[in-house]
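Asker: Before we start, here is the structure in question, set down as structure tokens.
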Amino acid sequence: MTDTLQTGRAVSRPPDHTGPRPVPFRGGGFRPTTNRWAGALVFVLIVAFVEIGLRAGWISKLTLPLPSDVFATFVQLYESGLLWKHLIPSLTRFVVGATLGALAGIGVGTLIGLFGLARAGLVPLVAALFPVPKIALLPLFVIWFGIGEGSKYALIALGTFTPMVVATYGAVDNVDRTLIRMGQSFGLSWGSIVRKIVLPGAMPGILSGLRIGLAIAIILLVAAEMLGAQYGIGAYILEAGSLYDLERLFAGVVILSVLGVATSAVVAWVERRVLRWRS
């Protein structure tokens, strides 16, 4: 490659083989960043502060147990086999109830977002159900489904259902209508527009609602297991609280916290796979 100067003399220049250069991200301060150790460090600092505070007398031992004693309780639970006797029934109730509620909520929310008749008929019903404390309905579910597993599944499913409906039809409503009109201008069918434009565009809102719905499901799981359950994390916490056994009580609370963190991690994994187009 040559360049011609004003004097008319040609000067050779080496060819540029670097190819296209990537443009740096221009949204400084708004790009999400992650640090896998930050969350763990916060937990470690809190546990260390509580341990030191209890041993030094800054914190009363009547209010909090030593984290080391809680850990010893975990070890005892694991070695005795009681951990799995309580954890497996809770996980089963959580998975079954939350799955039923989430699938039904996504389906109904999608119908409300896509069809005006469904919106007119179902939105008032959802608005009436959403503010009702689901725990207050547990005695009614016991009457309907018995004191066994059916009432627990129903309570968890209903608690997951209502936030999923609201999140789903809100997410469908927020899909950019310009994209929908563009799909129509290219001759896409109604089903193709829903499958290729509406549902992918609504997926971030649906997954955000799923986080909330699963957190509510964990809360209702504990409430359901405190009534008529021999095994389960809720039953374990209720028994420990009645005996004022702080170590066992906090061990149950930590198990629920770990379940919440694990659930959030699963949703985050799904987000990375499903919403890869956002990056």
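Every chain in the structure tokens takes a letter, A first, then B, and so on in the order presented; its residues are numbered from 1, and the ligands are numbered from 1 following the presented order.
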List the spatial neighbours of Ala215 in chain A as a PDB file with C-alpha atoms, in the first residue's frame - criterion: any atom at most 9 Å away, only C-alpha atoms, same-chain residues fewer than 5 positions off excluded.
Answerer:
ATOM      1  CA  THR A 160     -45.458 -19.617  43.902  1.00  0.00           C
ATOM      2  CA  LEU A 210     -39.116 -16.999  39.557  1.00  0.00           C
ATOM      3  CA  LEU A 220     -44.409 -21.434  52.942  1.00  0.00           C
ATOM      4  CA  GLY A 260     -32.187 -20.238  49.272  1.00  0.00           C
ATOM      5  CA  THR A 263     -32.006 -21.996  44.504  1.00  0.00           C
ATOM      6  CA  SER A 264     -30.700 -18.565  43.519  1.00  0.00           C
TER       7      SER A 264
END
Asker: Quick check for you: according to DSSP on this backbone, which residues of range 47-221 of chain A are classed as alpha helix (DSSP H)? Reply as a VMD selection string.
Answerer: chain A and resid 47 to 56 67 to 80 82 to 114 116 to 129 138 to 145 149 to 173 177 to 185 190 to 193 199 to 221
Asker: Go ahead and compute the interatomic distance for CA of Ile218 in chain A and CA of Phe74 in chain A, in Å to one decimal.
Answerer: 20.0 Å
Asker: I need the residue nearest Ala202 in chain A from this list: A:Glu239, A:Glu271, A:Glu225, A:Asp173. Use only C-alpha atoms for the distance.
Answerer: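 Under the stated criterion, the closest residue is A:Asp173.
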Asker: Near Gly121 in chain A, within 12 Å and counting only C-alpha atoms, which residues show up once chain neighbours fewer than 4 positions away are dropped, as a list in words?
Answerer: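 Everything that qualifies: Val108, Leu111, Ile112, Phe115, Gly116, Leu117, Leu125, Val126 and Ala127 of chain A.
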Asker: Please list as number ranges by chain every residue within 6 Å of range 249-259 of chain A, counting only C-alpha atoms and excluding residues in the same chain fewer than 5 positions away.
Answerer: A: 70, 237, 240
Asker: Do you have, as JSON lines, the list of residues of range 115-223 of chain A lying at most 8 Å from range 81-101 of chain A, each with its nearest atom pair and that distance in Å to one decimal, counting only C-alpha atoms and ordered by chain then number?
Answerer:
{"residue": "A:Glu149", "atom": "CA", "partner": "A:Arg93", "partner_atom": "CA", "distance": 7.6}
{"residue": "A:Lys152", "atom": "CA", "partner": "A:Arg93", "partner_atom": "CA", "distance": 7.0}
{"residue": "A:Tyr153", "atom": "CA", "partner": "A:Gly97", "partner_atom": "CA", "distance": 4.5}
{"residue": "A:Ala154", "atom": "CA", "partner": "A:Gly97", "partner_atom": "CA", "distance": 6.6}
{"residue": "A:Leu155", "atom": "CA", "partner": "A:Gly97", "partner_atom": "CA", "distance": 7.6}
{"residue": "A:Ile156", "atom": "CA", "partner": "A:Gly97", "partner_atom": "CA", "distance": 5.0}
{"residue": "A:Ala157", "atom": "CA", "partner": "A:Gly101", "partner_atom": "CA", "distance": 4.0}
{"residue": "A:Leu158", "atom": "CA", "partner": "A:Gly101", "partner_atom": "CA", "distance": 5.9}
{"residue": "A:Gly159", "atom": "CA", "partner": "A:Gly101", "partner_atom": "CA", "distance": 7.3}
{"residue": "A:Thr160", "atom": "CA", "partner": "A:Gly101", "partner_atom": "CA", "distance": 5.0}
{"residue": "A:Phe161", "atom": "CA", "partner": "A:Gly101", "partner_atom": "CA", "distance": 4.3}
{"residue": "A:Met164", "atom": "CA", "partner": "A:Gly101", "partner_atom": "CA", "distance": 7.9}
{"residue": "A:Gly213", "atom": "CA", "partner": "A:Ala98", "partner_atom": "CA", "distance": 7.8}
{"residue": "A:Leu214", "atom": "CA", "partner": "A:Ala98", "partner_atom": "CA", "distance": 6.6}
{"residue": "A:Ala217", "atom": "CA", "partner": "A:Ala98", "partner_atom": "CA", "distance": 6.2}
{"residue": "A:Ile218", "atom": "CA", "partner": "A:Phe94", "partner_atom": "CA", "distance": 6.9}
{"residue": "A:Leu221", "atom": "CA", "partner": "A:Phe94", "partner_atom": "CA", "distance": 6.5}
Asker: Could you write out that same residue set with all heavy atoms as a compact mmCIF listing (two decimals), in the first residue's frame?
Answerer:
# COMPACT_ATOMS: atom_id res chain seq x y z
N GLU A 149 -49.51 -34.75 52.61
CA GLU A 149 -48.67 -34.02 51.68
C GLU A 149 -49.48 -33.11 50.75
O GLU A 149 -48.98 -32.08 50.28
CB GLU A 149 -47.85 -35.00 50.83
CG GLU A 149 -46.91 -35.88 51.65
CD GLU A 149 -45.91 -35.06 52.42
OE1 GLU A 149 -45.29 -34.16 51.84
OE2 GLU A 149 -45.75 -35.32 53.63
N LYS A 152 -49.74 -29.47 51.83
CA LYS A 152 -48.43 -28.79 51.76
C LYS A 152 -48.09 -28.44 50.32
O LYS A 152 -47.62 -27.33 50.02
CB LYS A 152 -47.35 -29.68 52.39
CG LYS A 152 -47.60 -29.98 53.87
CD LYS A 152 -46.61 -30.98 54.40
CE LYS A 152 -46.83 -31.25 55.88
NZ LYS A 152 -48.20 -31.71 56.20
N TYR A 153 -48.30 -29.38 49.41
CA TYR A 153 -48.07 -29.09 47.99
C TYR A 153 -48.94 -27.93 47.52
O TYR A 153 -48.48 -27.03 46.80
CB TYR A 153 -48.37 -30.32 47.13
CG TYR A 153 -47.44 -31.49 47.34
CD1 TYR A 153 -47.86 -32.79 47.06
CD2 TYR A 153 -46.15 -31.30 47.82
CE1 TYR A 153 -47.01 -33.86 47.24
CE2 TYR A 153 -45.30 -32.37 48.02
CZ TYR A 153 -45.73 -33.66 47.72
OH TYR A 153 -44.90 -34.73 47.91
N ALA A 154 -50.22 -27.94 47.92
CA ALA A 154 -51.15 -26.90 47.47
C ALA A 154 -50.74 -25.53 47.99
O ALA A 154 -50.80 -24.53 47.25
CB ALA A 154 -52.56 -27.24 47.92
N LEU A 155 -50.33 -25.46 49.25
CA LEU A 155 -49.93 -24.17 49.82
C LEU A 155 -48.70 -23.62 49.12
O LEU A 155 -48.65 -22.43 48.75
CB LEU A 155 -49.66 -24.33 51.32
CG LEU A 155 -49.27 -23.04 52.06
CD1 LEU A 155 -50.44 -22.08 52.11
CD2 LEU A 155 -48.77 -23.37 53.47
N ILE A 156 -47.70 -24.44 48.91
CA ILE A 156 -46.47 -23.99 48.25
C ILE A 156 -46.76 -23.61 46.80
O ILE A 156 -46.24 -22.60 46.28
CB ILE A 156 -45.39 -25.09 48.33
CG1 ILE A 156 -45.02 -25.34 49.80
CG2 ILE A 156 -44.16 -24.70 47.54
CD1 ILE A 156 -44.17 -26.57 50.01
N ALA A 157 -47.60 -24.40 46.12
CA ALA A 157 -47.93 -24.11 44.72
C ALA A 157 -48.67 -22.78 44.61
O ALA A 157 -48.36 -21.97 43.72
CB ALA A 157 -48.77 -25.24 44.14
N LEU A 158 -49.63 -22.53 45.48
CA LEU A 158 -50.36 -21.26 45.41
C LEU A 158 -49.45 -20.08 45.71
O LEU A 158 -49.55 -19.03 45.06
CB LEU A 158 -51.53 -21.28 46.39
CG LEU A 158 -52.40 -20.02 46.42
CD1 LEU A 158 -53.05 -19.79 45.06
CD2 LEU A 158 -53.45 -20.10 47.51
N GLY A 159 -48.55 -20.24 46.68
CA GLY A 159 -47.62 -19.16 47.00
C GLY A 159 -46.67 -18.85 45.87
O GLY A 159 -46.25 -17.70 45.70
N THR A 160 -46.32 -19.84 45.06
CA THR A 160 -45.46 -19.62 43.90
C THR A 160 -46.25 -19.11 42.71
O THR A 160 -45.74 -18.34 41.88
CB THR A 160 -44.72 -20.91 43.53
OG1 THR A 160 -44.14 -21.49 44.70
CG2 THR A 160 -43.63 -20.66 42.50
N PHE A 161 -47.50 -19.53 42.62
CA PHE A 161 -48.34 -19.23 41.45
C PHE A 161 -48.58 -17.74 41.27
O PHE A 161 -48.36 -17.18 40.18
CB PHE A 161 -49.66 -19.98 41.59
CG PHE A 161 -50.70 -19.59 40.59
CD1 PHE A 161 -50.64 -20.07 39.29
CD2 PHE A 161 -51.75 -18.75 40.94
CE1 PHE A 161 -51.61 -19.72 38.35
CE2 PHE A 161 -52.71 -18.40 40.02
CZ PHE A 161 -52.64 -18.89 38.72
N MET A 164 -45.68 -15.50 40.11
CA MET A 164 -45.27 -15.88 38.76
C MET A 164 -46.25 -15.34 37.72
O MET A 164 -45.85 -14.92 36.62
CB MET A 164 -45.16 -17.40 38.63
CG MET A 164 -43.95 -17.99 39.31
SD MET A 164 -42.40 -17.25 38.78
CE MET A 164 -42.46 -17.48 37.03
N GLY A 213 -40.74 -16.01 43.50
CA GLY A 213 -41.66 -17.11 43.77
C GLY A 213 -41.01 -18.24 44.55
O GLY A 213 -41.62 -18.81 45.46
N LEU A 214 -39.77 -18.58 44.23
CA LEU A 214 -39.08 -19.65 44.94
C LEU A 214 -38.74 -19.25 46.37
O LEU A 214 -38.77 -20.08 47.28
CB LEU A 214 -37.81 -20.05 44.19
CG LEU A 214 -38.05 -20.70 42.81
CD1 LEU A 214 -36.72 -21.04 42.16
CD2 LEU A 214 -38.92 -21.93 42.93
N ALA A 217 -41.82 -19.73 48.22
CA ALA A 217 -42.06 -21.16 48.39
C ALA A 217 -41.29 -21.71 49.59
O ALA A 217 -41.81 -22.57 50.32
CB ALA A 217 -41.66 -21.91 47.12
N ILE A 218 -40.08 -21.24 49.82
CA ILE A 218 -39.30 -21.70 50.98
C ILE A 218 -39.98 -21.27 52.28
O ILE A 218 -40.06 -22.03 53.25
CB ILE A 218 -37.86 -21.18 50.89
CG1 ILE A 218 -37.14 -21.80 49.69
CG2 ILE A 218 -37.09 -21.49 52.17
CD1 ILE A 218 -35.75 -21.25 49.46
N LEU A 221 -42.98 -23.39 52.77
CA LEU A 221 -42.56 -24.75 53.11
C LEU A 221 -42.42 -24.91 54.61
O LEU A 221 -42.92 -25.88 55.20
CB LEU A 221 -41.24 -25.07 52.40
CG LEU A 221 -40.50 -26.33 52.85
CD1 LEU A 221 -41.29 -27.57 52.44
CD2 LEU A 221 -39.09 -26.37 52.28
